[in-house]
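A.B. asks: Here it is: the structure, laid out below.
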Amino acid sequence: MAKLLKDHFDRNYLSRLADELRKHEPAFPKRKMLSFVFDTEWEQRELKQRMRHISHAMREYLPADYEVALKILIQAAPQFGGFEAMFFPDFVEVYGLDEWDLSLPALEHFTEYSSSEFAVRPFILQDQKRMMRQMKRWAASKNHHVRRLASEGSRPRLPWAMALPEFKKDPAPTLPLLEKLKADPSEYVRRSVANHLNDISKDHPELVVDIAQKWIKGSPETQWIVKHACRTLLKQGKPEVLALFGYQAPVDVCVRNFEITPTGVAWGKEVQFEFELVSPSGELGLLRVEYAIDFVRQKGAASRKVFKISEGPISQNSRCYSRRHSFKPISTRKYYPGWHQITIIVNGQEMVDGQFELQE
């Protein structure tokens, strides 16, 4: 079983952190910090709670002067990286909101080794205009990690992060950043731009459609951004978005031999379904094939999720499909017993559906 991300914060990791801090502050009390971190509540804390607790521990035992403490962390940060090291910017988020002139350069530095995407958001909430001026400067940075921060940190719906309600209402302040970065040489940055637009599409779909129609004429890299940014709109079957990528209504396509087995699925097992797409008059053509499951929710209502099967041109006049969907427990979805529906979707159009029962 894969190691949980929160368990990367083990005694060896925190001991290495304390040793690094002591290199730059000889009086740093390693044992006291480790004792503080691994308290009686440590095992019950989840990932972000552990990260925040480490920030508290560093504040407890680093010099009381914020500027002095920050200099130590800036020296230590290059020895750590990845998601785990986000306690460095988290320290700034918690303790640096009143010290912008010190905190913003630190966040720029820390993002090169992990990411400051969570930590910048309280600064946006505190003074949006000032922070967006900083984001514009970051979008012009020579460092691709810093350029990505401009897009990722201002996403309206960044996962695991506090939301930015003003940008949900009106994303206009972030659009110049995306325009600046739409042809960025770094895929890392372009992916963030696409995810940012996908966030916007959930509140302002027509705005993203307008942007997509303009950007689709750009470079191949920008065209990729458009496709990835429109993934939610494509799953929603919006005709103008499907048409943007050449997907037309499937007027000459039909579904045959649709079968779901078993019709009673035991908890933790799989449901399998098969079907054939057929074009009586010639090749199937350019198709986006998906299936939707209407999951039973706690109070009996249905919640639909769409899954892509395939997309692209099909020169044959028929093609068979077989898929399995697992009901093994996962952290992102809770399953409830009852009758579920599977629907086959072609180019945004529902073609056929059937039911199966998830049993306890």
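For the structure tokens, the naming scheme is as follows: chains receive sequential letters (A, B, ...) according to their order of presentation, residues are indexed from 1 within each chain, and ligands are indexed from 1 in presentation order.
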I need the strand (DSSP E) residues of segment 64-294 of chain A per DSSP on the backbone, written as an NGL selection string.

C.D. replies: :A and (254-261 or 264-266 or 270-278 or 285-294)

A.B. asks: Just to be explicit: take each residue in the selection above, keep N, CA, C and O atoms, and write the result as a tab-separated table (two decimals), in the first residue's frame.

C.D. replies:
```tsv
chain	number	residue	atom	x	y	z
A	254	CYS	N	-25.69	4.87	-33.94
A	254	CYS	CA	-26.62	4.24	-33.01
A	254	CYS	C	-25.86	3.27	-32.11
A	254	CYS	O	-24.74	2.86	-32.41
A	255	VAL	N	-26.48	2.93	-30.99
A	255	VAL	CA	-25.89	2.02	-30.02
A	255	VAL	C	-26.62	0.68	-30.10
A	255	VAL	O	-27.86	0.63	-30.09
A	256	ARG	N	-25.84	-0.39	-30.17
A	256	ARG	CA	-26.41	-1.73	-30.18
A	256	ARG	C	-25.79	-2.57	-29.06
A	256	ARG	O	-24.69	-2.30	-28.61
A	257	ASN	N	-26.53	-3.59	-28.67
A	257	ASN	CA	-26.04	-4.62	-27.74
A	257	ASN	C	-25.51	-4.04	-26.43
A	257	ASN	O	-24.49	-4.47	-25.90
A	258	PHE	N	-26.23	-3.05	-25.90
A	258	PHE	CA	-25.83	-2.48	-24.62
A	258	PHE	C	-26.24	-3.43	-23.51
A	258	PHE	O	-27.41	-3.82	-23.40
A	259	GLU	N	-25.27	-3.82	-22.69
A	259	GLU	CA	-25.54	-4.79	-21.63
A	259	GLU	C	-24.73	-4.45	-20.38
A	259	GLU	O	-23.55	-4.11	-20.46
A	260	ILE	N	-25.38	-4.54	-19.22
A	260	ILE	CA	-24.74	-4.30	-17.93
A	260	ILE	C	-24.73	-5.59	-17.15
A	260	ILE	O	-25.77	-6.25	-17.00
A	261	THR	N	-23.55	-5.96	-16.63
A	261	THR	CA	-23.44	-7.18	-15.81
A	261	THR	C	-22.50	-6.93	-14.63
A	261	THR	O	-21.46	-6.28	-14.80
A	264	GLY	N	-26.85	-6.81	-10.17
A	264	GLY	CA	-26.70	-6.60	-8.73
A	264	GLY	C	-25.22	-6.63	-8.38
A	264	GLY	O	-24.56	-7.67	-8.52
A	265	VAL	N	-24.67	-5.49	-7.97
A	265	VAL	CA	-23.23	-5.37	-7.73
A	265	VAL	C	-22.98	-5.34	-6.23
A	265	VAL	O	-23.53	-4.49	-5.51
A	266	ALA	N	-22.14	-6.25	-5.76
A	266	ALA	CA	-21.81	-6.30	-4.34
A	266	ALA	C	-20.88	-5.15	-3.96
A	266	ALA	O	-20.09	-4.68	-4.79
A	270	GLU	N	-17.13	-4.74	-8.95
A	270	GLU	CA	-17.16	-3.97	-10.18
A	270	GLU	C	-18.44	-4.23	-10.96
A	270	GLU	O	-19.01	-5.32	-10.90
A	271	VAL	N	-18.88	-3.22	-11.68
A	271	VAL	CA	-19.93	-3.40	-12.68
A	271	VAL	C	-19.26	-3.33	-14.05
A	271	VAL	O	-18.34	-2.53	-14.26
A	272	GLN	N	-19.70	-4.18	-14.96
A	272	GLN	CA	-19.16	-4.18	-16.32
A	272	GLN	C	-20.28	-3.86	-17.30
A	272	GLN	O	-21.43	-4.28	-17.10
A	273	PHE	N	-19.95	-3.09	-18.34
A	273	PHE	CA	-20.94	-2.82	-19.36
A	273	PHE	C	-20.27	-2.88	-20.73
A	273	PHE	O	-19.08	-2.58	-20.88
A	274	GLU	N	-21.05	-3.29	-21.71
A	274	GLU	CA	-20.57	-3.44	-23.09
A	274	GLU	C	-21.58	-2.80	-24.03
A	274	GLU	O	-22.78	-2.75	-23.74
A	275	PHE	N	-21.09	-2.32	-25.16
A	275	PHE	CA	-21.98	-1.79	-26.18
A	275	PHE	C	-21.21	-1.69	-27.49
A	275	PHE	O	-19.97	-1.77	-27.52
A	276	GLU	N	-21.96	-1.48	-28.57
A	276	GLU	CA	-21.37	-1.31	-29.89
A	276	GLU	C	-21.92	-0.03	-30.51
A	276	GLU	O	-23.12	0.23	-30.45
A	277	LEU	N	-21.02	0.77	-31.09
A	277	LEU	CA	-21.45	1.93	-31.87
A	277	LEU	C	-21.43	1.55	-33.34
A	277	LEU	O	-20.47	0.97	-33.84
A	278	VAL	N	-22.50	1.92	-34.04
A	278	VAL	CA	-22.66	1.53	-35.44
A	278	VAL	C	-23.13	2.73	-36.27
A	278	VAL	O	-23.99	3.50	-35.82
A	285	GLY	N	-16.70	8.31	-37.88
A	285	GLY	CA	-16.24	9.69	-37.88
A	285	GLY	C	-15.64	10.11	-36.56
A	285	GLY	O	-15.17	9.29	-35.76
A	286	LEU	N	-15.64	11.40	-36.30
A	286	LEU	CA	-15.01	11.97	-35.10
A	286	LEU	C	-15.96	11.86	-33.92
A	286	LEU	O	-17.01	12.51	-33.89
A	287	LEU	N	-15.58	11.06	-32.93
A	287	LEU	CA	-16.48	10.79	-31.80
A	287	LEU	C	-15.78	11.01	-30.46
A	287	LEU	O	-14.61	10.67	-30.28
A	288	ARG	N	-16.53	11.56	-29.54
A	288	ARG	CA	-16.15	11.62	-28.13
A	288	ARG	C	-17.15	10.73	-27.39
A	288	ARG	O	-18.35	11.03	-27.35
A	289	VAL	N	-16.64	9.62	-26.84
A	289	VAL	CA	-17.49	8.61	-26.23
A	289	VAL	C	-17.29	8.64	-24.71
A	289	VAL	O	-16.15	8.57	-24.22
A	290	GLU	N	-18.39	8.77	-23.98
A	290	GLU	CA	-18.34	8.86	-22.52
A	290	GLU	C	-19.43	8.00	-21.91
A	290	GLU	O	-20.36	7.56	-22.59
A	291	TYR	N	-19.30	7.77	-20.62
A	291	TYR	CA	-20.42	7.19	-19.88
A	291	TYR	C	-20.63	7.99	-18.61
A	291	TYR	O	-19.70	8.55	-18.03
A	292	ALA	N	-21.89	8.08	-18.21
A	292	ALA	CA	-22.25	8.77	-16.97
A	292	ALA	C	-22.84	7.76	-16.01
A	292	ALA	O	-23.57	6.84	-16.43
A	293	ILE	N	-22.53	7.92	-14.74
A	293	ILE	CA	-23.18	7.14	-13.69
A	293	ILE	C	-23.93	8.10	-12.78
A	293	ILE	O	-23.36	9.08	-12.30
A	294	ASP	N	-25.21	7.83	-12.59
A	294	ASP	CA	-26.00	8.57	-11.63
A	294	ASP	C	-25.91	7.84	-10.30
A	294	ASP	O	-26.59	6.84	-10.07
```

A.B. asks: Name the residues in contact with Lys235 of chain A at a cut-off of 10 Å, using only C-alpha atoms, excluding same-chain residues fewer than 5 positions from it; report them as a PyMOL selection string.

C.D. replies: chain A and resi 230+241-242+288+290-292+305-308+345+347-348

A.B. asks: Quick one: residues within 12 Å of Asp90 of chain A, only C-alpha atoms counted, chain neighbours fewer than 2 positions away excluded, as an mmCIF file with N, CA, C and O atoms, in the first residue's frame?

C.D. replies:
```cif
data_model
loop_
_atom_site.group_PDB
_atom_site.id
_atom_site.type_symbol
_atom_site.label_atom_id
_atom_site.label_comp_id
_atom_site.auth_asym_id
_atom_site.auth_seq_id
_atom_site.Cartn_x
_atom_site.Cartn_y
_atom_site.Cartn_z
ATOM 1 N N LYS A 48 -2.859 18.671 5.969
ATOM 2 C CA LYS A 48 -2.706 20.118 6.125
ATOM 3 C C LYS A 48 -2.637 20.518 7.595
ATOM 4 O O LYS A 48 -1.990 21.511 7.944
ATOM 5 N N GLN A 49 -3.277 19.745 8.459
ATOM 6 C CA GLN A 49 -3.159 20.019 9.892
ATOM 7 C C GLN A 49 -1.732 19.772 10.376
ATOM 8 O O GLN A 49 -1.208 20.527 11.205
ATOM 9 N N ARG A 50 -1.108 18.732 9.865
ATOM 10 C CA ARG A 50 0.289 18.459 10.229
ATOM 11 C C ARG A 50 1.204 19.563 9.705
ATOM 12 O O ARG A 50 2.135 19.999 10.388
ATOM 13 N N MET A 51 0.936 20.000 8.488
ATOM 14 C CA MET A 51 1.745 21.066 7.907
ATOM 15 C C MET A 51 1.649 22.332 8.758
ATOM 16 O O MET A 51 2.659 22.975 9.059
ATOM 17 N N ARG A 52 0.446 22.677 9.157
ATOM 18 C CA ARG A 52 0.247 23.867 9.980
ATOM 19 C C ARG A 52 0.902 23.695 11.367
ATOM 20 O O ARG A 52 1.490 24.641 11.912
ATOM 21 N N HIS A 53 0.842 22.503 11.902
ATOM 22 C CA HIS A 53 1.453 22.244 13.207
ATOM 23 C C HIS A 53 2.971 22.402 13.148
ATOM 24 O O HIS A 53 3.597 22.909 14.089
ATOM 25 N N ILE A 54 3.568 22.009 12.026
ATOM 26 C CA ILE A 54 5.018 22.202 11.850
ATOM 27 C C ILE A 54 5.338 23.692 11.792
ATOM 28 O O ILE A 54 6.334 24.154 12.352
ATOM 29 N N SER A 55 4.477 24.469 11.107
ATOM 30 C CA SER A 55 4.668 25.922 11.085
ATOM 31 C C SER A 55 4.637 26.497 12.500
ATOM 32 O O SER A 55 5.462 27.346 12.861
ATOM 33 N N HIS A 56 3.690 26.032 13.295
ATOM 34 C CA HIS A 56 3.610 26.494 14.682
ATOM 35 C C HIS A 56 4.881 26.126 15.457
ATOM 36 O O HIS A 56 5.381 26.932 16.257
ATOM 37 N N ALA A 57 5.396 24.928 15.197
ATOM 38 C CA ALA A 57 6.607 24.493 15.895
ATOM 39 C C ALA A 57 7.801 25.366 15.528
ATOM 40 O O ALA A 57 8.612 25.734 16.390
ATOM 41 N N MET A 58 7.927 25.711 14.251
ATOM 42 C CA MET A 58 9.040 26.566 13.837
ATOM 43 C C MET A 58 8.908 27.959 14.458
ATOM 44 O O MET A 58 9.897 28.555 14.890
ATOM 45 N N ARG A 59 7.689 28.477 14.508
ATOM 46 C CA ARG A 59 7.479 29.787 15.124
ATOM 47 C C ARG A 59 7.830 29.758 16.615
ATOM 48 O O ARG A 59 8.382 30.714 17.175
ATOM 49 N N LEU A 70 12.606 34.426 9.248
ATOM 50 C CA LEU A 70 12.387 34.237 7.816
ATOM 51 C C LEU A 70 13.706 34.019 7.081
ATOM 52 O O LEU A 70 13.791 33.180 6.163
ATOM 53 N N LEU A 73 14.703 30.440 7.463
ATOM 54 C CA LEU A 73 13.896 29.550 6.622
ATOM 55 C C LEU A 73 14.273 29.673 5.151
ATOM 56 O O LEU A 73 14.293 28.675 4.416
ATOM 57 N N PHE A 83 5.513 18.767 -2.311
ATOM 58 C CA PHE A 83 4.361 19.197 -1.521
ATOM 59 C C PHE A 83 4.682 19.244 -0.034
ATOM 60 O O PHE A 83 4.201 20.129 0.682
ATOM 61 N N GLU A 84 5.515 18.305 0.435
ATOM 62 C CA GLU A 84 5.810 18.247 1.863
ATOM 63 C C GLU A 84 6.396 19.560 2.377
ATOM 64 O O GLU A 84 6.147 19.946 3.514
ATOM 65 N N ALA A 85 7.191 20.234 1.559
ATOM 66 C CA ALA A 85 7.897 21.433 2.006
ATOM 67 C C ALA A 85 7.032 22.683 2.005
ATOM 68 O O ALA A 85 7.531 23.787 2.237
ATOM 69 N N MET A 86 5.737 22.532 1.805
ATOM 70 C CA MET A 86 4.868 23.702 1.778
ATOM 71 C C MET A 86 4.654 24.320 3.154
ATOM 72 O O MET A 86 3.974 25.335 3.288
ATOM 73 N N PHE A 87 5.252 23.740 4.195
ATOM 74 C CA PHE A 87 5.192 24.406 5.498
ATOM 75 C C PHE A 87 6.051 25.672 5.510
ATOM 76 O O PHE A 87 5.844 26.546 6.363
ATOM 77 N N PHE A 88 7.003 25.789 4.585
ATOM 78 C CA PHE A 88 7.778 27.040 4.502
ATOM 79 C C PHE A 88 6.865 28.217 4.114
ATOM 80 O O PHE A 88 6.794 29.211 4.851
ATOM 81 N N VAL A 92 4.734 31.726 6.359
ATOM 82 C CA VAL A 92 4.492 33.112 5.939
ATOM 83 C C VAL A 92 2.996 33.417 5.974
ATOM 84 O O VAL A 92 2.569 34.496 6.411
ATOM 85 N N GLU A 93 2.190 32.473 5.507
ATOM 86 C CA GLU A 93 0.741 32.663 5.517
ATOM 87 C C GLU A 93 0.224 32.931 6.927
ATOM 88 O O GLU A 93 -0.634 33.792 7.139
ATOM 89 N N VAL A 94 0.759 32.200 7.905
ATOM 90 C CA VAL A 94 0.261 32.303 9.277
ATOM 91 C C VAL A 94 0.810 33.529 9.994
ATOM 92 O O VAL A 94 0.086 34.230 10.712
ATOM 93 N N TYR A 95 2.091 33.820 9.771
ATOM 94 C CA TYR A 95 2.748 34.830 10.605
ATOM 95 C C TYR A 95 3.184 36.089 9.857
ATOM 96 O O TYR A 95 3.687 37.018 10.491
ATOM 97 N N GLY A 96 2.991 36.137 8.535
ATOM 98 C CA GLY A 96 3.550 37.252 7.776
ATOM 99 C C GLY A 96 2.574 38.194 7.129
ATOM 100 O O GLY A 96 2.972 39.043 6.322
ATOM 101 N N LEU A 97 1.276 38.113 7.459
ATOM 102 C CA LEU A 97 0.297 38.956 6.786
ATOM 103 C C LEU A 97 0.463 40.446 7.095
ATOM 104 O O LEU A 97 -0.045 41.283 6.354
ATOM 105 N N SER A 103 7.348 39.340 3.408
ATOM 106 C CA SER A 103 6.662 38.085 3.101
ATOM 107 C C SER A 103 6.590 37.778 1.614
ATOM 108 O O SER A 103 6.766 36.620 1.200
ATOM 109 N N ALA A 106 9.725 36.354 0.200
ATOM 110 C CA ALA A 106 9.907 35.008 0.755
ATOM 111 C C ALA A 106 9.025 34.001 0.031
ATOM 112 O O ALA A 106 9.468 32.894 -0.296
ATOM 113 N N LEU A 107 7.777 34.365 -0.235
ATOM 114 C CA LEU A 107 6.887 33.461 -0.962
ATOM 115 C C LEU A 107 7.412 33.186 -2.364
ATOM 116 O O LEU A 107 7.314 32.059 -2.871
ATOM 117 N N PHE A 110 10.232 30.654 -1.807
ATOM 118 C CA PHE A 110 9.790 29.320 -1.387
ATOM 119 C C PHE A 110 9.108 28.558 -2.520
ATOM 120 O O PHE A 110 9.198 27.335 -2.601
ATOM 121 N N THR A 111 8.416 29.282 -3.414
ATOM 122 C CA THR A 111 7.665 28.600 -4.468
ATOM 123 C C THR A 111 8.581 27.886 -5.457
ATOM 124 O O THR A 111 8.134 26.994 -6.179
ATOM 125 N N SER A 114 8.863 24.343 -3.404
ATOM 126 C CA SER A 114 7.607 23.620 -3.202
ATOM 127 C C SER A 114 6.521 24.375 -3.968
ATOM 128 O O SER A 114 6.479 24.319 -5.178
ATOM 129 N N SER A 115 5.678 25.107 -3.284
ATOM 130 C CA SER A 115 4.737 26.003 -3.953
ATOM 131 C C SER A 115 4.108 26.904 -2.907
ATOM 132 O O SER A 115 3.762 26.445 -1.820
ATOM 133 N N SER A 116 3.939 28.158 -3.269
ATOM 134 C CA SER A 116 3.281 29.125 -2.378
ATOM 135 C C SER A 116 1.833 29.350 -2.781
ATOM 136 O O SER A 116 1.219 30.353 -2.388
ATOM 137 N N GLU A 117 1.258 28.439 -3.555
ATOM 138 C CA GLU A 117 -0.080 28.652 -4.113
ATOM 139 C C GLU A 117 -1.159 28.792 -3.039
ATOM 140 O O GLU A 117 -2.147 29.511 -3.236
ATOM 141 N N PHE A 118 -1.017 28.086 -1.904
ATOM 142 C CA PHE A 118 -1.986 28.237 -0.823
ATOM 143 C C PHE A 118 -1.727 29.526 -0.047
ATOM 144 O O PHE A 118 -2.647 30.237 0.332
ATOM 145 N N ALA A 119 -0.448 29.802 0.193
ATOM 146 C CA ALA A 119 -0.074 30.885 1.107
ATOM 147 C C ALA A 119 -0.387 32.273 0.569
ATOM 148 O O ALA A 119 -0.564 33.211 1.348
ATOM 149 N N VAL A 120 -0.453 32.439 -0.761
ATOM 150 C CA VAL A 120 -0.717 33.779 -1.300
ATOM 151 C C VAL A 120 -2.176 34.189 -1.135
ATOM 152 O O VAL A 120 -2.495 35.386 -1.180
ATOM 153 N N ARG A 121 -3.061 33.258 -0.912
ATOM 154 C CA ARG A 121 -4.487 33.547 -0.962
ATOM 155 C C ARG A 121 -4.975 34.466 0.169
ATOM 156 O O ARG A 121 -5.784 35.373 -0.077
ATOM 157 N N PRO A 122 -4.489 34.299 1.393
ATOM 158 C CA PRO A 122 -4.879 35.280 2.418
ATOM 159 C C PRO A 122 -4.412 36.694 2.088
ATOM 160 O O PRO A 122 -5.079 37.671 2.453
ATOM 161 N N ALA A 161 -7.547 24.461 -1.000
ATOM 162 C CA ALA A 161 -7.189 25.813 -0.572
ATOM 163 C C ALA A 161 -8.453 26.606 -0.263
ATOM 164 O O ALA A 161 -9.562 26.237 -0.672
#
```

A.B. asks: For a test of reading the model, state the distance in Å between atom CA of Gln248 of chain A and atom CA of Ser322 of chain A, rounded to one decimal.

C.D. replies: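 Interatomic distance, atom CA of Gln248 of chain A to atom CA of Ser322 of chain A: 23.6 Å.
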
A.B. asks: Do you know which residues are at most 10 Å from Leu178 of chain A counting only C-alpha atoms, after dropping those on the same chain fewer than 5 positions away, and could you put them as a list in words?

C.D. replies: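 Using only C-alpha atoms, the neighbours found are Lys136, Ala139, Ala150, Ser151, Pro173, Ala183, Asp184, Val189, Arg190, Ser192, Val193, Ala194, His196 and Leu197 of chain A.
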
A.B. asks: List as an NGL selection string the protein and nucleic acid residues near segment 7-16 of chain A, meaning an atom at most 10 Å away when only C-alpha atoms are counted, but skip any in the same chain fewer than 5 places from it.

C.D. replies: :A and (21-22 or 30-31 or 33-34 or 37-38 or 43 or 46-47 or 50-51 or 54 or 79-80 or 84-85)

A.B. asks: List as a Markdown table every residue of segment 232-303 of chain A that is in contact with segment 336-339 of chain A, defined as an atom at most 12 Å from one of its atoms (using only C-alpha atoms), together with the nearest atom pair and the distance in Å rounded to one decimal, sorted by chain and then rising number.

C.D. replies:
```
| residue | atom | partner | partner_atom | distance |
| --- | --- | --- | --- | --- |
| A:Thr263 | CA | A:Trp339 | CA | 9.3 |
| A:Gly264 | CA | A:Trp339 | CA | 9.0 |
| A:Val265 | CA | A:Pro337 | CA | 9.6 |
| A:Ala266 | CA | A:Pro337 | CA | 9.4 |
| A:Trp267 | CA | A:Pro337 | CA | 8.3 |
| A:Gly268 | CA | A:Pro337 | CA | 11.4 |
| A:Ile293 | CA | A:Trp339 | CA | 10.7 |
| A:Asp294 | CA | A:Trp339 | CA | 9.0 |
| A:Phe295 | CA | A:Tyr336 | CA | 7.9 |
| A:Val296 | CA | A:Tyr336 | CA | 5.8 |
| A:Arg297 | CA | A:Tyr336 | CA | 6.1 |
| A:Gln298 | CA | A:Tyr336 | CA | 6.4 |
| A:Lys299 | CA | A:Tyr336 | CA | 9.4 |
| A:Gly300 | CA | A:Gly338 | CA | 8.3 |
| A:Ala301 | CA | A:Gly338 | CA | 10.5 |
| A:Ala302 | CA | A:Trp339 | CA | 9.7 |
| A:Ser303 | CA | A:Tyr336 | CA | 11.2 |
```

A.B. asks: Can I get the selected residues back with N, CA, C and O atoms, as a JSON list (two decimals), in the first residue's frame?

C.D. replies:
```
[["chain", "number", "residue", "atom", "x", "y", "z"],
["A", 263, "THR", "N", -26.39, -7.18, -12.77],
["A", 263, "THR", "CA", -27.37, -6.15, -12.43],
["A", 263, "THR", "C", -27.42, -5.90, -10.94],
["A", 263, "THR", "O", -27.98, -4.89, -10.51],
["A", 264, "GLY", "N", -26.85, -6.81, -10.17],
["A", 264, "GLY", "CA", -26.70, -6.60, -8.73],
["A", 264, "GLY", "C", -25.22, -6.63, -8.38],
["A", 264, "GLY", "O", -24.56, -7.67, -8.52],
["A", 265, "VAL", "N", -24.67, -5.49, -7.97],
["A", 265, "VAL", "CA", -23.23, -5.37, -7.73],
["A", 265, "VAL", "C", -22.98, -5.34, -6.23],
["A", 265, "VAL", "O", -23.53, -4.49, -5.51],
["A", 266, "ALA", "N", -22.14, -6.25, -5.76],
["A", 266, "ALA", "CA", -21.81, -6.30, -4.34],
["A", 266, "ALA", "C", -20.88, -5.15, -3.96],
["A", 266, "ALA", "O", -20.09, -4.68, -4.79],
["A", 267, "TRP", "N", -20.98, -4.71, -2.74],
["A", 267, "TRP", "CA", -20.14, -3.63, -2.22],
["A", 267, "TRP", "C", -18.66, -3.95, -2.42],
["A", 267, "TRP", "O", -18.20, -5.03, -2.10],
["A", 268, "GLY", "N", -17.92, -3.03, -3.02],
["A", 268, "GLY", "CA", -16.49, -3.22, -3.23],
["A", 268, "GLY", "C", -16.15, -3.94, -4.52],
["A", 268, "GLY", "O", -14.96, -4.11, -4.84],
["A", 293, "ILE", "N", -22.53, 7.92, -14.74],
["A", 293, "ILE", "CA", -23.18, 7.14, -13.69],
["A", 293, "ILE", "C", -23.93, 8.10, -12.78],
["A", 293, "ILE", "O", -23.36, 9.08, -12.30],
["A", 294, "ASP", "N", -25.21, 7.83, -12.59],
["A", 294, "ASP", "CA", -26.00, 8.57, -11.63],
["A", 294, "ASP", "C", -25.91, 7.84, -10.30],
["A", 294, "ASP", "O", -26.59, 6.84, -10.07],
["A", 295, "PHE", "N", -25.04, 8.34, -9.43],
["A", 295, "PHE", "CA", -24.80, 7.70, -8.14],
["A", 295, "PHE", "C", -25.93, 8.05, -7.16],
["A", 295, "PHE", "O", -26.37, 9.20, -7.09],
["A", 296, "VAL", "N", -26.34, 7.06, -6.40],
["A", 296, "VAL", "CA", -27.31, 7.30, -5.33],
["A", 296, "VAL", "C", -26.61, 8.04, -4.20],
["A", 296, "VAL", "O", -25.50, 7.67, -3.79],
["A", 297, "ARG", "N", -27.24, 9.10, -3.71],
["A", 297, "ARG", "CA", -26.68, 9.84, -2.59],
["A", 297, "ARG", "C", -27.38, 9.46, -1.30],
["A", 297, "ARG", "O", -28.31, 8.65, -1.29],
["A", 298, "GLN", "N", -26.96, 10.07, -0.22],
["A", 298, "GLN", "CA", -27.41, 9.67, 1.11],
["A", 298, "GLN", "C", -28.92, 9.78, 1.28],
["A", 298, "GLN", "O", -29.55, 8.92, 1.89],
["A", 299, "LYS", "N", -29.53, 10.82, 0.73],
["A", 299, "LYS", "CA", -30.97, 11.03, 0.91],
["A", 299, "LYS", "C", -31.78, 10.55, -0.28],
["A", 299, "LYS", "O", -32.94, 10.93, -0.45],
["A", 300, "GLY", "N", -31.15, 9.74, -1.12],
["A", 300, "GLY", "CA", -31.87, 9.13, -2.24],
["A", 300, "GLY", "C", -31.78, 9.86, -3.56],
["A", 300, "GLY", "O", -32.13, 9.29, -4.60],
["A", 301, "ALA", "N", -31.34, 11.11, -3.55],
["A", 301, "ALA", "CA", -31.19, 11.85, -4.81],
["A", 301, "ALA", "C", -30.01, 11.30, -5.60],
["A", 301, "ALA", "O", -29.13, 10.64, -5.05],
["A", 302, "ALA", "N", -30.00, 11.59, -6.90],
["A", 302, "ALA", "CA", -28.92, 11.10, -7.77],
["A", 302, "ALA", "C", -27.89, 12.21, -7.99],
["A", 302, "ALA", "O", -28.22, 13.38, -8.05],
["A", 303, "SER", "N", -26.62, 11.79, -8.12],
["A", 303, "SER", "CA", -25.53, 12.71, -8.42],
["A", 303, "SER", "C", -24.75, 12.14, -9.59],
["A", 303, "SER", "O", -24.16, 11.05, -9.48]]
```

A.B. asks: Between A:Pro250, A:Glu41, A:Leu102, A:Glu357, which is the closest to Val68 of chain A once you count only C-alpha atoms?

C.D. replies: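 Selected residue with least distance to Val68 of chain A: A:Leu102.
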
A.B. asks: Rounded to one decimal place, report the atom CA of Thr343 of chain A-atom CA of Gln316 of chain A distance in Å.

C.D. replies: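 About the pair atom CA of Thr343 of chain A and atom CA of Gln316 of chain A: they are 23.0 Å apart.
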
A.B. asks: Please report the interatomic distance between atom CA of Asp98 of chain A and atom CA of Pro159 of chain A in Å with one decimal.

C.D. replies: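 Computing it gives 25.6 Å between the two atoms.
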
A.B. asks: Enumerate as a CSV table (one decimal) with C-alpha atoms, in the first residue's frame all residues of segment 173-249 of chain A assigned to helix (DSSP H, G or I) by DSSP on the backbone, naming them with the chain letters and numbers the document uses.

C.D. replies:
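part34.csv, freshly written:
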```csv
chain,number,residue,atom,x,y,z
A,173,PRO,CA,-8.8,40.6,-12.4
A,174,THR,CA,-7.1,37.3,-13.2
A,175,LEU,CA,-7.7,37.3,-16.9
A,176,PRO,CA,-4.7,39.5,-17.8
A,177,LEU,CA,-2.5,36.9,-16.0
A,178,LEU,CA,-3.9,34.1,-18.1
A,179,GLU,CA,-3.5,36.1,-21.3
A,180,LYS,CA,0.1,36.8,-20.4
A,181,LEU,CA,0.8,33.1,-19.7
A,187,GLU,CA,4.0,23.1,-19.8
A,188,TYR,CA,3.9,23.4,-16.0
A,189,VAL,CA,2.7,26.9,-16.3
A,190,ARG,CA,0.3,26.2,-19.2
A,191,ARG,CA,-1.3,23.4,-17.3
A,192,SER,CA,-2.0,25.9,-14.4
A,193,VAL,CA,-3.6,28.3,-16.9
A,194,ALA,CA,-5.9,25.5,-18.2
A,195,ASN,CA,-6.9,24.5,-14.7
A,196,HIS,CA,-7.5,28.2,-13.8
A,197,LEU,CA,-9.9,28.5,-16.8
A,198,ASN,CA,-11.6,25.3,-15.9
A,199,ASP,CA,-12.3,26.8,-12.5
A,200,ILE,CA,-13.8,29.8,-14.1
A,201,SER,CA,-16.0,27.6,-16.4
A,205,PRO,CA,-19.2,29.1,-18.7
A,206,GLU,CA,-20.0,31.6,-21.4
A,207,LEU,CA,-16.8,33.6,-20.6
A,208,VAL,CA,-14.7,30.5,-21.0
A,209,VAL,CA,-16.4,29.7,-24.2
A,210,ASP,CA,-15.6,33.2,-25.6
A,211,ILE,CA,-12.0,32.8,-24.5
A,212,ALA,CA,-11.7,29.3,-26.0
A,213,GLN,CA,-13.1,30.5,-29.3
A,214,LYS,CA,-10.3,33.2,-29.5
A,215,TRP,CA,-7.5,31.1,-28.1
A,220,PRO,CA,-0.5,24.2,-30.6
A,221,GLU,CA,0.4,24.8,-27.0
A,222,THR,CA,-2.4,27.3,-26.5
A,223,GLN,CA,-4.8,25.0,-28.3
A,224,TRP,CA,-3.9,22.3,-25.7
A,225,ILE,CA,-4.7,24.8,-22.9
A,226,VAL,CA,-8.1,25.4,-24.5
A,227,LYS,CA,-8.9,21.7,-24.7
A,228,HIS,CA,-7.9,21.0,-21.1
A,229,ALA,CA,-9.6,24.1,-19.8
A,231,ARG,CA,-13.0,19.6,-20.0
A,232,THR,CA,-15.9,20.4,-17.6
A,233,LEU,CA,-17.8,22.0,-20.4
A,234,LEU,CA,-17.2,19.1,-22.7
A,235,LYS,CA,-18.5,16.7,-20.0
A,239,PRO,CA,-22.7,22.0,-28.2
A,240,GLU,CA,-20.7,25.2,-28.9
A,241,VAL,CA,-17.7,23.7,-27.0
A,242,LEU,CA,-18.0,20.3,-28.7
A,243,ALA,CA,-18.2,22.0,-32.1
A,244,LEU,CA,-15.1,23.9,-31.3
```
